[in-house]
Structure formats: C-alpha cells, structure tokens
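Undergrad: File structure-v9.txt below, compact mmCIF, C-alpha atoms:
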# COMPACT_ATOMS: atom_id res chain seq x y z
CA MET U 1 8.31 -1.62 -18.64
CA SER U 2 9.04 -1.11 -14.95
CA SER U 3 11.01 -3.63 -12.93
CA LEU U 4 8.58 -3.95 -10.05
CA LEU U 5 8.73 -7.70 -10.38
CA THR U 6 12.28 -7.68 -9.04
CA SER U 7 12.22 -4.88 -6.45
CA PRO U 8 10.35 -4.20 -3.18
CA MET U 9 8.25 -1.05 -2.89
CA VAL U 10 9.63 1.23 -0.18
CA ASP U 11 8.00 4.01 1.84
CA LEU U 12 10.48 6.89 1.66
CA ASP U 13 9.18 8.41 4.90
CA THR U 14 9.83 5.35 7.04
CA GLY U 15 12.17 3.15 5.01
CA ALA U 16 9.68 0.31 5.41
CA VAL U 17 8.92 -2.19 2.67
CA ILE U 18 5.17 -1.91 2.15
CA ALA U 19 4.75 -4.29 -0.79
CA GLN U 20 6.75 -6.99 -2.51
CA PRO U 21 6.72 -8.01 -6.16
CA ALA U 22 4.62 -11.04 -6.98
CA VAL U 23 3.93 -13.11 -10.05
CA VAL U 24 1.47 -15.79 -11.14
CA ASP U 25 3.65 -18.43 -12.79
CA SER U 26 2.84 -20.59 -15.81
CA THR U 27 1.18 -23.19 -13.58
CA GLY U 28 -1.19 -20.62 -12.10
CA VAL U 29 0.59 -20.55 -8.73
CA LEU U 30 0.98 -17.18 -7.00
CA ARG U 31 4.55 -16.58 -5.85
CA ALA U 32 4.56 -13.82 -3.23
CA SER U 33 5.70 -13.03 0.31
CA ARG U 34 3.28 -12.49 3.19
CA LEU U 35 3.52 -8.74 2.67
CA PRO U 36 1.03 -6.91 0.44
CA MET U 37 1.99 -7.58 -3.16
CA VAL U 38 2.41 -5.79 -6.48
CA LEU U 39 1.31 -7.55 -9.67
CA GLU U 40 1.78 -6.14 -13.14
CA LEU U 41 -1.30 -6.58 -15.34
CA PRO U 42 -1.59 -5.50 -18.98
CA ILE U 43 -4.58 -3.25 -19.63
CA GLY U 44 -5.41 -5.56 -22.53
CA VAL U 45 -6.24 -8.33 -20.03
CA VAL U 46 -8.75 -6.07 -18.29
CA LEU U 47 -10.29 -5.17 -21.63
CA SER U 48 -10.67 -8.88 -22.45
CA GLY U 49 -13.33 -9.25 -19.78
CA ALA U 50 -13.96 -11.17 -16.57
CA GLY U 51 -12.90 -14.52 -18.05
CA ALA U 52 -9.37 -13.30 -18.70
CA LEU U 53 -9.05 -12.23 -15.05
CA ALA U 54 -10.31 -15.52 -13.61
CA PRO U 55 -6.80 -17.10 -13.37
CA LEU U 56 -5.64 -14.16 -11.25
CA HIS U 57 -8.57 -14.44 -8.85
CA GLU U 58 -8.10 -18.20 -8.61
CA ALA U 59 -4.35 -17.88 -7.94
CA LEU U 60 -5.04 -15.55 -5.00
CA ARG U 61 -7.76 -17.82 -3.66
CA ARG U 62 -5.52 -20.88 -3.78
CA ALA U 63 -2.76 -18.96 -2.00
CA GLY U 64 -5.14 -17.90 0.76
CA ARG U 65 -4.74 -14.23 -0.10
CA HIS U 66 -7.36 -11.53 -0.57
CA PRO U 67 -7.46 -8.97 -3.39
CA ARG U 68 -7.21 -6.19 -0.78
CA GLU U 69 -3.58 -7.29 -0.28
CA ALA U 70 -2.73 -6.78 -3.96
CA ILE U 71 -1.86 -3.69 -5.96
CA LEU U 72 -2.53 -4.29 -9.64
CA LEU U 73 -0.15 -2.11 -11.65
CA LEU U 74 -1.77 -1.71 -15.06
CA THR U 75 0.62 -1.47 -17.98
CA GLY U 76 0.18 -0.33 -21.55
CA PRO U 77 -1.97 2.33 -23.24
CA CYS U 78 -5.73 2.48 -23.65
CA GLN U 79 -7.30 3.71 -26.87
CA GLU U 80 -10.15 6.21 -26.69
CA PRO U 81 -12.86 3.74 -27.90
CA ASP U 82 -11.85 1.28 -25.15
CA ARG U 83 -12.19 3.71 -22.25
CA PRO U 84 -15.81 2.84 -21.30
CA LEU U 85 -14.93 -0.87 -21.28
CA LEU U 86 -11.81 -0.23 -19.20
CA LYS U 87 -13.82 1.75 -16.66
CA VAL U 88 -16.25 -1.14 -16.25
CA GLY U 89 -13.36 -3.56 -15.72
CA LEU U 90 -11.60 -1.31 -13.22
CA ASP U 91 -14.81 -0.71 -11.25
CA SER U 92 -15.28 -4.47 -11.03
CA LEU U 93 -11.72 -5.04 -9.81
CA ARG U 94 -12.07 -2.27 -7.25
CA THR U 95 -15.35 -3.71 -5.98
CA ILE U 96 -13.66 -7.07 -5.45
CA GLY U 97 -11.03 -5.32 -3.37
CA TYR U 98 -7.93 -4.79 -5.51
CA LEU U 99 -5.91 -1.60 -5.21
CA LEU U 100 -5.29 -0.21 -8.70
CA GLY U 101 -2.37 1.66 -10.19
CA PHE U 102 -1.08 2.78 -13.58
CA ALA U 103 2.47 2.30 -14.82
CA ASP U 104 4.57 4.62 -17.01
CA VAL U 105 2.52 7.72 -16.20
CA GLY U 106 3.95 10.83 -17.79
CA SER U 107 4.92 9.29 -21.13
CA ARG U 108 3.91 5.90 -22.51
CA GLY U 109 1.13 5.07 -20.08
CA VAL U 110 -2.47 6.20 -19.88
CA SER U 111 -3.41 9.83 -20.36
CA ALA U 112 -3.77 12.18 -17.40
CA ASP U 113 -7.53 12.51 -17.80
CA LEU U 114 -8.01 8.73 -17.91
CA ALA U 115 -5.86 8.32 -14.79
CA SER U 116 -7.96 10.95 -13.06
CA ASP U 117 -11.28 9.35 -14.05
CA ALA U 118 -10.12 5.93 -12.85
CA ALA U 119 -9.37 7.20 -9.29
CA PRO U 120 -6.36 4.88 -8.81
CA TYR U 121 -4.49 4.15 -5.60
CA LEU U 122 -1.11 4.58 -7.31
CA LEU U 123 0.50 6.37 -10.24
CA ALA U 124 3.92 5.01 -11.20
CA LEU U 125 6.19 7.36 -13.12
CA ASP U 126 7.82 6.11 -16.29
CA PRO U 127 11.23 4.65 -15.27
CA GLU U 128 12.88 6.44 -18.19
CA LEU U 129 11.53 9.72 -16.79
CA VAL U 130 13.00 8.94 -13.38
CA ALA U 131 16.35 8.05 -14.98
CA ARG U 132 16.55 11.55 -16.51
CA ILE U 133 16.08 13.50 -13.28
CA PRO U 134 17.56 15.63 -11.85
CA GLY U 135 19.73 16.52 -14.87
CA ASP U 136 16.82 17.09 -17.27
CA TYR U 137 14.53 19.93 -16.17
CA ARG U 138 11.87 18.78 -18.65
CA ALA U 139 11.67 15.34 -17.05
CA THR U 140 11.44 16.97 -13.62
CA ALA U 141 8.60 19.19 -14.84
CA VAL U 142 6.65 16.16 -16.10
CA ALA U 143 7.20 14.34 -12.79
CA ARG U 144 5.99 17.42 -10.91
CA ALA U 145 2.83 17.47 -13.03
CA VAL U 146 2.13 13.80 -12.22
CA VAL U 147 2.60 14.49 -8.50
CA THR U 148 0.20 17.43 -8.71
CA LEU U 149 -2.36 15.23 -10.47
CA ALA U 150 -1.96 12.48 -7.87
CA ARG U 151 -2.38 14.90 -5.00
CA GLY U 152 -5.58 16.20 -6.56
CA ILE U 153 -7.13 12.73 -6.88
CA GLY U 154 -5.80 11.28 -3.60
CA ALA U 155 -3.31 8.84 -5.13
CA HIS U 156 0.26 7.87 -4.24
CA VAL U 157 3.14 8.39 -6.67
CA LEU U 158 5.81 5.71 -7.18
CA ALA U 159 9.29 6.48 -8.52
CA PRO U 160 10.51 3.21 -10.11
CA GLY U 161 14.09 2.24 -10.86
CA VAL U 162 15.80 4.77 -8.57
CA GLU U 163 19.57 4.27 -8.84
CA ARG U 164 21.17 7.44 -7.44
CA GLU U 165 20.67 9.64 -4.38
CA PRO U 166 20.13 12.84 -6.46
CA GLN U 167 17.18 11.12 -8.16
CA LEU U 168 15.75 10.22 -4.76
CA ALA U 169 16.26 13.76 -3.45
CA VAL U 170 14.40 15.29 -6.39
CA ALA U 171 11.58 12.74 -6.12
CA ARG U 172 11.21 13.51 -2.41
CA GLY U 173 11.25 17.22 -3.09
CA LEU U 174 8.42 16.82 -5.57
CA GLY U 175 6.32 14.93 -3.02
CA VAL U 176 6.88 11.35 -4.16
CA ARG U 177 6.46 8.96 -1.24
CA LEU U 178 7.00 5.50 -2.74
CA ALA U 179 10.01 4.21 -4.66
CA HIS U 180 11.90 1.13 -5.68
CA GLY U 181 15.15 0.43 -7.46
CA PRO U 182 18.81 -0.52 -6.99
CA LEU U 183 19.46 2.33 -4.51
CA MET U 184 17.04 0.74 -2.06
CA ALA U 185 17.78 -2.91 -2.76
CA PRO U 186 18.02 -5.05 0.39
CA GLY U 187 21.56 -5.39 1.74
CA PRO U 188 23.32 -8.65 2.71
CA ASP U 189 21.32 -8.65 5.95
CA GLY U 190 18.06 -8.40 4.01
CA LYS U 191 17.28 -4.91 5.29
CA VAL U 192 16.40 -1.91 3.13
CA ARG U 193 18.19 1.34 3.92
CA VAL U 194 16.78 4.57 2.56
CA PRO U 195 18.95 7.71 2.56
CA LEU U 196 17.57 10.27 5.01
CA PRO U 197 15.67 13.25 3.60
CA VAL U 198 16.89 16.80 3.88
CA ALA U 199 14.85 18.82 6.38
CA ASP U 200 12.13 20.84 4.68
CA ASP U 201 11.51 24.29 6.15
CA ALA U 202 8.65 25.21 3.81
CA PRO U 203 5.49 26.12 5.77
CA SER U 204 2.33 24.15 5.09
CA VAL U 205 -0.83 25.91 4.07
CA ALA U 206 -3.25 23.11 4.90
CA MET U 207 -4.16 23.45 8.59
CA LEU U 208 -5.78 20.04 8.91
CA GLY U 209 -3.27 18.15 6.78
CA PRO U 210 -3.87 15.64 4.00
CA ARG U 211 -6.65 13.10 4.02
CA VAL U 212 -5.69 9.73 5.46
CA GLN U 213 -6.32 8.07 2.09
CA GLU U 214 -3.22 9.96 0.87
CA LEU U 215 -1.15 8.26 3.63
CA LEU U 216 -2.76 4.86 3.09
CA ILE U 217 -0.64 1.74 2.79
CA PRO U 218 -1.97 -1.78 2.12
CA ALA U 219 -2.99 -3.76 5.17
CA VAL U 220 -2.00 -7.34 5.93
CA THR U 221 -5.35 -9.01 6.47
CA LEU U 222 -6.50 -12.44 7.59
CA PRO U 223 -10.00 -13.89 7.92
CA ALA U 224 -11.69 -13.13 11.24
CA GLU U 225 -11.62 -16.85 12.10
CA ALA U 226 -7.85 -17.22 11.51
CA LYS U 227 -5.79 -19.10 14.09
CA ALA U 228 -3.19 -17.28 16.14
CA GLU U 229 -0.38 -19.33 14.61
CA GLU U 230 -1.33 -17.93 11.18
CA VAL U 231 -0.77 -14.43 12.55
CA VAL U 232 2.60 -15.48 13.96
CA GLU U 233 3.55 -16.70 10.49
CA ALA U 234 2.46 -13.42 8.91
CA PHE U 235 4.54 -11.35 11.34
CA GLY U 236 7.48 -13.69 10.92
CA HIS U 237 7.76 -13.11 7.17
CA GLU U 238 8.62 -9.42 7.37
CA PRO U 239 9.76 -7.23 10.31
CA THR U 240 8.12 -4.10 8.86
CA ILE U 241 4.58 -5.52 9.28
CA THR U 242 3.24 -3.54 12.24
CA SER U 243 -0.25 -5.01 12.40
CA VAL U 244 -2.55 -7.70 11.06
CA ILE U 245 -6.19 -6.80 10.54
CA LEU U 246 -8.85 -9.48 10.92
CA VAL U 247 -11.71 -9.00 8.45
CA ASP U 248 -15.00 -10.69 7.70
CA GLU U 249 -16.14 -12.02 4.34
CA TYR U 250 -17.07 -8.49 3.23
CA GLN U 251 -13.65 -7.11 4.22
CA ARG U 252 -15.04 -5.23 7.20
CA PRO U 253 -12.47 -4.97 10.02
CA LYS U 254 -13.30 -7.12 13.02
CA GLY U 255 -10.06 -7.09 15.00
CA SER U 256 -6.62 -5.51 15.10
CA LEU U 257 -3.46 -7.30 16.19
CA ASP U 258 -0.56 -5.03 17.09
CA ARG U 259 2.79 -6.68 16.38
CA SER U 260 4.46 -5.94 19.73
CA ARG U 261 1.58 -6.91 21.99
CA PHE U 262 0.64 -9.97 19.98
CA LEU U 263 4.16 -11.41 19.84
CA LEU U 264 4.65 -10.64 23.53
CA SER U 265 1.77 -13.01 24.25
CA PHE U 266 3.73 -15.77 22.52
CA ALA U 267 7.03 -14.87 24.19
CA ALA U 268 5.58 -15.78 27.59
CA ARG U 269 6.07 -19.27 28.95
CA TYR U 270 3.79 -21.76 27.17
CA GLY U 271 2.60 -18.90 24.97
CA HIS U 272 2.42 -20.92 21.78
CA ALA U 273 0.75 -23.86 23.51
CA LEU U 274 -1.85 -21.54 25.03
CA HIS U 275 -2.64 -19.52 21.95
CA GLY U 276 -1.27 -21.13 18.77
CA SER U 277 -4.23 -23.28 17.76
CA LYS U 278 -6.83 -20.89 19.18
CA PRO U 279 -8.61 -18.13 17.20
CA ALA U 280 -6.48 -15.01 16.85
CA GLN U 281 -9.58 -12.97 17.64
CA ARG U 282 -9.06 -13.88 21.32
CA LEU U 283 -5.94 -11.69 21.36
CA ALA U 284 -7.24 -8.95 19.06
CA ASP U 285 -8.21 -5.43 20.01
CA PRO U 286 -11.18 -3.65 18.46
CA PRO U 287 -10.02 -2.05 15.20
CA ARG U 288 -9.54 1.71 15.37
CA THR U 289 -11.17 2.85 12.15
CA VAL U 290 -11.20 6.22 10.39
CA PRO U 291 -13.06 7.08 7.18
CA ARG U 292 -10.77 7.59 4.18
CA THR U 293 -11.59 11.32 3.97
CA THR U 294 -10.48 12.05 7.57
CA PRO U 295 -7.83 14.82 7.76
CA ALA U 296 -4.48 13.96 9.37
CA VAL U 297 -5.07 16.17 12.42
CA ALA U 298 -8.46 14.57 13.11
CA ALA U 299 -6.92 11.11 12.71
CA MET U 300 -4.22 12.06 15.23
CA GLN U 301 -6.92 13.07 17.67
CA ALA U 302 -8.66 9.73 17.14
CA ALA U 303 -5.38 7.89 17.75
CA GLY U 304 -4.86 9.72 21.05
CA ARG U 305 -8.20 8.79 22.59
CA ASP U 306 -6.84 5.52 23.97
CA SER U 307 -3.51 6.12 25.72
CA ALA U 308 -2.77 2.39 25.83
CA ARG U 309 -3.00 2.10 22.03
CA VAL U 310 -1.85 5.53 20.92
CA TYR U 311 0.65 4.12 18.40
CA ASP U 312 -1.55 1.35 16.99
CA ASP U 313 -2.17 1.50 13.25
CA LEU U 314 -5.46 3.08 12.21
CA VAL U 315 -7.66 1.12 9.81
CA VAL U 316 -8.88 3.25 6.91
CA THR U 317 -12.38 2.38 5.72
CA ASP U 318 -14.57 3.25 2.76
CA GLU U 319 -18.23 4.25 2.75
CA MET U 320 -19.25 0.60 3.23
CA ASN U 321 -16.95 0.19 6.25
CA ARG U 322 -14.61 -2.05 4.24
CA CYS U 323 -10.92 -2.07 5.05
CA LEU U 324 -8.99 -0.06 2.45
CA GLY U 325 -5.65 -0.30 4.25
CA ILE U 326 -3.90 1.18 7.25
CA VAL U 327 -2.26 4.45 8.16
CA ARG U 328 0.61 4.46 10.64
CA VAL U 329 0.47 6.97 13.48
CA SER U 330 4.15 7.77 12.89
CA ASP U 331 3.18 9.00 9.41
CA LEU U 332 0.47 11.20 10.91
CA ILE U 333 2.93 12.63 13.43
CA ARG U 334 5.37 13.54 10.66
CA GLN U 335 2.64 15.20 8.62
CA VAL U 336 1.36 17.26 11.53
CA ALA U 337 4.89 18.21 12.62
CA ALA U 338 5.73 19.34 9.09
CA MET U 339 2.61 21.51 9.02
CA ARG U 340 3.54 23.25 12.26
CA SER U 341 7.25 23.71 11.63
Would you mind writing the structure in this file as structure tokens?
TA:
Amino acid sequence: MSSLLTSPMVDLDTGAVIAQPAVVDSTGVLRASRLPMVLELPIGVVLSGAGALAPLHEALRRAGRHPREAILLLTGPCQEPDRPLLKVGLDSLRTIGYLLGFADVGSRGVSADLASDAAPYLLALDPELVARIPGDYRATAVARAVVTLARGIGAHVLAPGVEREPQLAVARGLGVRLAHGPLMAPGPDGKVRVPLPVADDAPSVAMLGPRVQELLIPAVTLPAEAKAEEVVEAFGHEPTITSVILVDEYQRPKGSLDRSRFLLSFAARYGHALHGSKPAQRLADPPRTVPRTTPAVAAMQAAGRDSARVYDDLVVTDEMNRCLGIVRVSDLIRQVAAMRS
C-alpha cells in the first residue's frame, strides 16, 4: 500500500505541491487542506455500488468541497468477471467529477489493459518498484513500460515513496512528473524542496508538444457565487495555489481569480472592507479555457493573446465545457523550450 495519506504530491517540474493527502475519518468528516486532495479508495468499494460510495460524497458535500478537487487513488486488484461492473462505477465517478487513478501499477495493481480501458488521470507506480530503482534494471524497465502506457492514454505517472536522489533522477529520466516521499517532505519552514533536474539535451520529435491534458493539474474551485473572503481563505492555506476558478453547478468555469492580482486588491487600504463580503465574481477575470486535446504550442499561443494576462493559468475543459483542471503557462513554456532545444 502506498503512503499517500502521509505525504503531499509534488510536481517535479515546478516543486509545487499540487495535492495533499486526505481522509474521511470514522465520524464521516473529511480531513483535508484547501488544496486539491488525494483519497485512497479500495476497488472493492466501487464494486459494491453507489450506496457504498454515498459516505464519500456526503463527506465532501459537508466540507464544502467538490469532487473535481479530489483524486481517488484506487487500490487493490480487479478480477476479470468484475471488470464490467468496475467500468460502470468508474464512469459514474468520473461523471460526478472525480479524477481517478490506480495505485501499485506495474505489479500488484490492476492490469495494463484495464488501466488503459479506464482512461485514468493518474497511474501510481508500486512503491516497492520505486524502491528498487535505479539499482535493479528490471524494476526500471517495468517503470518505463508504465510511463509509456500513461503517455499513450494521456495520464500522469506518480512515483510514490521516493527516498533518494538517484531514484528521483531515474524517475525524471523516464518521464515521471509527480512524486511523493521522504525526499520531498516539507522542511521545518513547511516548504517542499525538490532537487533540480539535470538538463536534457535530447531533441523532441513532436513539433506541437503534448496535449494539455498531459500537463493538467487539479484546479482549486469555488462556486460562482462564493464571497471574496472565501477566496482569500483558499489562497491563504497554501502558497503554491496560483488561481481559484469559479464554477457553476455543472462545473463550467465562470471566472478566474489570479493569486497576485486578487490579493493585491485586498492589500490596498480598506481592501477587505470593500471586497470581503462581496461576491468574488466582481474581481474575477473571464476564464481562459482550452479544450483538453489542445497541443502545448497552441495553448501557448492562446495564453499570449492577452498581454495583461499572459501568465494566468489556463482552464482545461472537456467536451461539455466542464472544468477538468488547470495548466500553468510556466509548464507550457518548459515543454515548448524543451522541444526547441
């Protein structure tokens, strides 16, 4: 079993914490930070039907959180006869808004073909596999196969339980973007420090870059009618939150609040008195949306159309114009620069 419930999930490209572990305790209360959250969920619960998942939905509702802010990391195997039932359950969870992932991929978890059919957001390597790299070439080969699978289906790969820099270097070299573990545990000041990557001189063959869904990270969302003081609270919980997206009841983006500009409004004299109890929408900009299949180069071009907001996060949407998450312009810049180096 992975230890996601004790470690933040870190973006290796930026060093930012993009999701924190969360848990629904024995009283049904969700314990989680304001950041997007990771919740472990046994596959057996999904197979038990909608009733077994009701406590999870209720815990999020009572905490004022939306499923779009949660990554459900599914643990355990799935037997062949249960696959149709699992697919129904996963489709239902995805429709509600949850981001889905599989744990222990590459050994004890679900098979590669099931992971592919489920179209998950995240594939988490088996921690025991990560512990064996880079010294075991067989473990490295399995990890490489998982990364290749993830790239083909547009999913992220997570390296759990990273303890040593050589493990991190190999994971990076394979194309793993997300990790957690003792090596990246917050220091005494609460900040996460990720060792810098070694420059990669390998030329890219994809002229337009990856699709934005491959760079997607969960968005921090609030209802479109949220008060400005609720946004202040969201930004105050974690310095790596770069934006808050206001969404309607169908999770369609209605406004985008950039951290710097929004907090500057409150730094002015009487800022809190003027804005705190008013709707946050008053201070929001129109969301800059891109479909999930947009290539990185095209997304960069979209970001550059408004010089005043060139570094604002882009909101990634699905075919129904629902918010799937955000992509940071800094990530796009790195991808495009790597292609042209």
Undergrad: Could you list, as number ranges by chain, every residue within 10 Å of Thr27 of chain U, counting all atoms listed in the file and ignoring same-chain residues fewer than 3 positions away?
TA: U: 24, 30, 59
Undergrad: Can those selected residues be exported to a file as a PDB file, in the coordinates of the input so that it contains C-alpha atoms?
TA:
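Final file, selection.pdb:
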ATOM      1  CA  VAL U  24       1.470 -15.790 -11.140  1.00  0.00           C
ATOM      2  CA  LEU U  30       0.980 -17.180  -7.000  1.00  0.00           C
ATOM      3  CA  ALA U  59      -4.350 -17.880  -7.940  1.00  0.00           C
TER       4      ALA U  59
END
Undergrad: For a quick check of understanding, using all atoms listed in the file, which of U:Ala179, U:Val29, U:Ile43, U:Leu90 has the smallest distance to Leu12 of chain U?
TA: U:Ala179
Undergrad: Under the rule that all atoms listed in the file are counted, which of U:Gln335, U:Ser265, U:Thr140, U:Ser7 is the nearest residue to Glu128 of chain U?
TA: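 Result for the nearest residue to Glu128 of chain U: U:Thr140.
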Undergrad: With distances taken over only C-alpha atoms, which of U:Leu125, U:Leu246, U:Leu72, U:Leu47 is nearest to Lys87 of chain U?
TA: U:Leu47
Undergrad: Produce the centre coordinates and the three edge lengths, each in Å to one decimal, of the box along x, y and z that contains all listed atoms of segment 263-270 of chain U with 3 Å added on each side, as AutoDock Vina command-line options.
TA:
--center_x 4.4 --center_y -16.2 --center_z 24.4 --size_x 11.3 --size_y 17.1 --size_z 15.1
Undergrad: For Val10 of chain U, find every residue with an atom within 6 Å (counting only C-alpha atoms), except residues of its own chain fewer than 5 positions away, and show them as an mmCIF file with C-alpha atoms, in the frame of the given file.
TA:
data_model
loop_
_atom_site.group_PDB
_atom_site.id
_atom_site.type_symbol
_atom_site.label_atom_id
_atom_site.label_comp_id
_atom_site.auth_asym_id
_atom_site.auth_seq_id
_atom_site.Cartn_x
_atom_site.Cartn_y
_atom_site.Cartn_z
ATOM 1 C CA ALA U 16 9.680 0.310 5.410
ATOM 2 C CA VAL U 17 8.920 -2.190 2.670
ATOM 3 C CA ILE U 18 5.170 -1.910 2.150
ATOM 4 C CA LEU U 178 7.000 5.500 -2.740
ATOM 5 C CA ALA U 179 10.010 4.210 -4.660
ATOM 6 C CA HIS U 180 11.900 1.130 -5.680
#
Undergrad: Have a look at U:Gly28, U:Arg164, U:Glu233, U:Arg151 and name the one nearest to Arg61 of chain U; count only C-alpha atoms.
TA: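 Closest candidate: U:Gly28.
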Undergrad: Point out the residue among U:Ala22, U:Val329, U:Leu129, U:Val316 with the least atom-to-atom distance to Arg292 of chain U, counting all atoms listed in the file.
TA: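 Checking each of U:Ala22, U:Val329, U:Leu129, U:Val316 against Arg292 of chain U, counting all atoms listed in the file, the winner is U:Val316.
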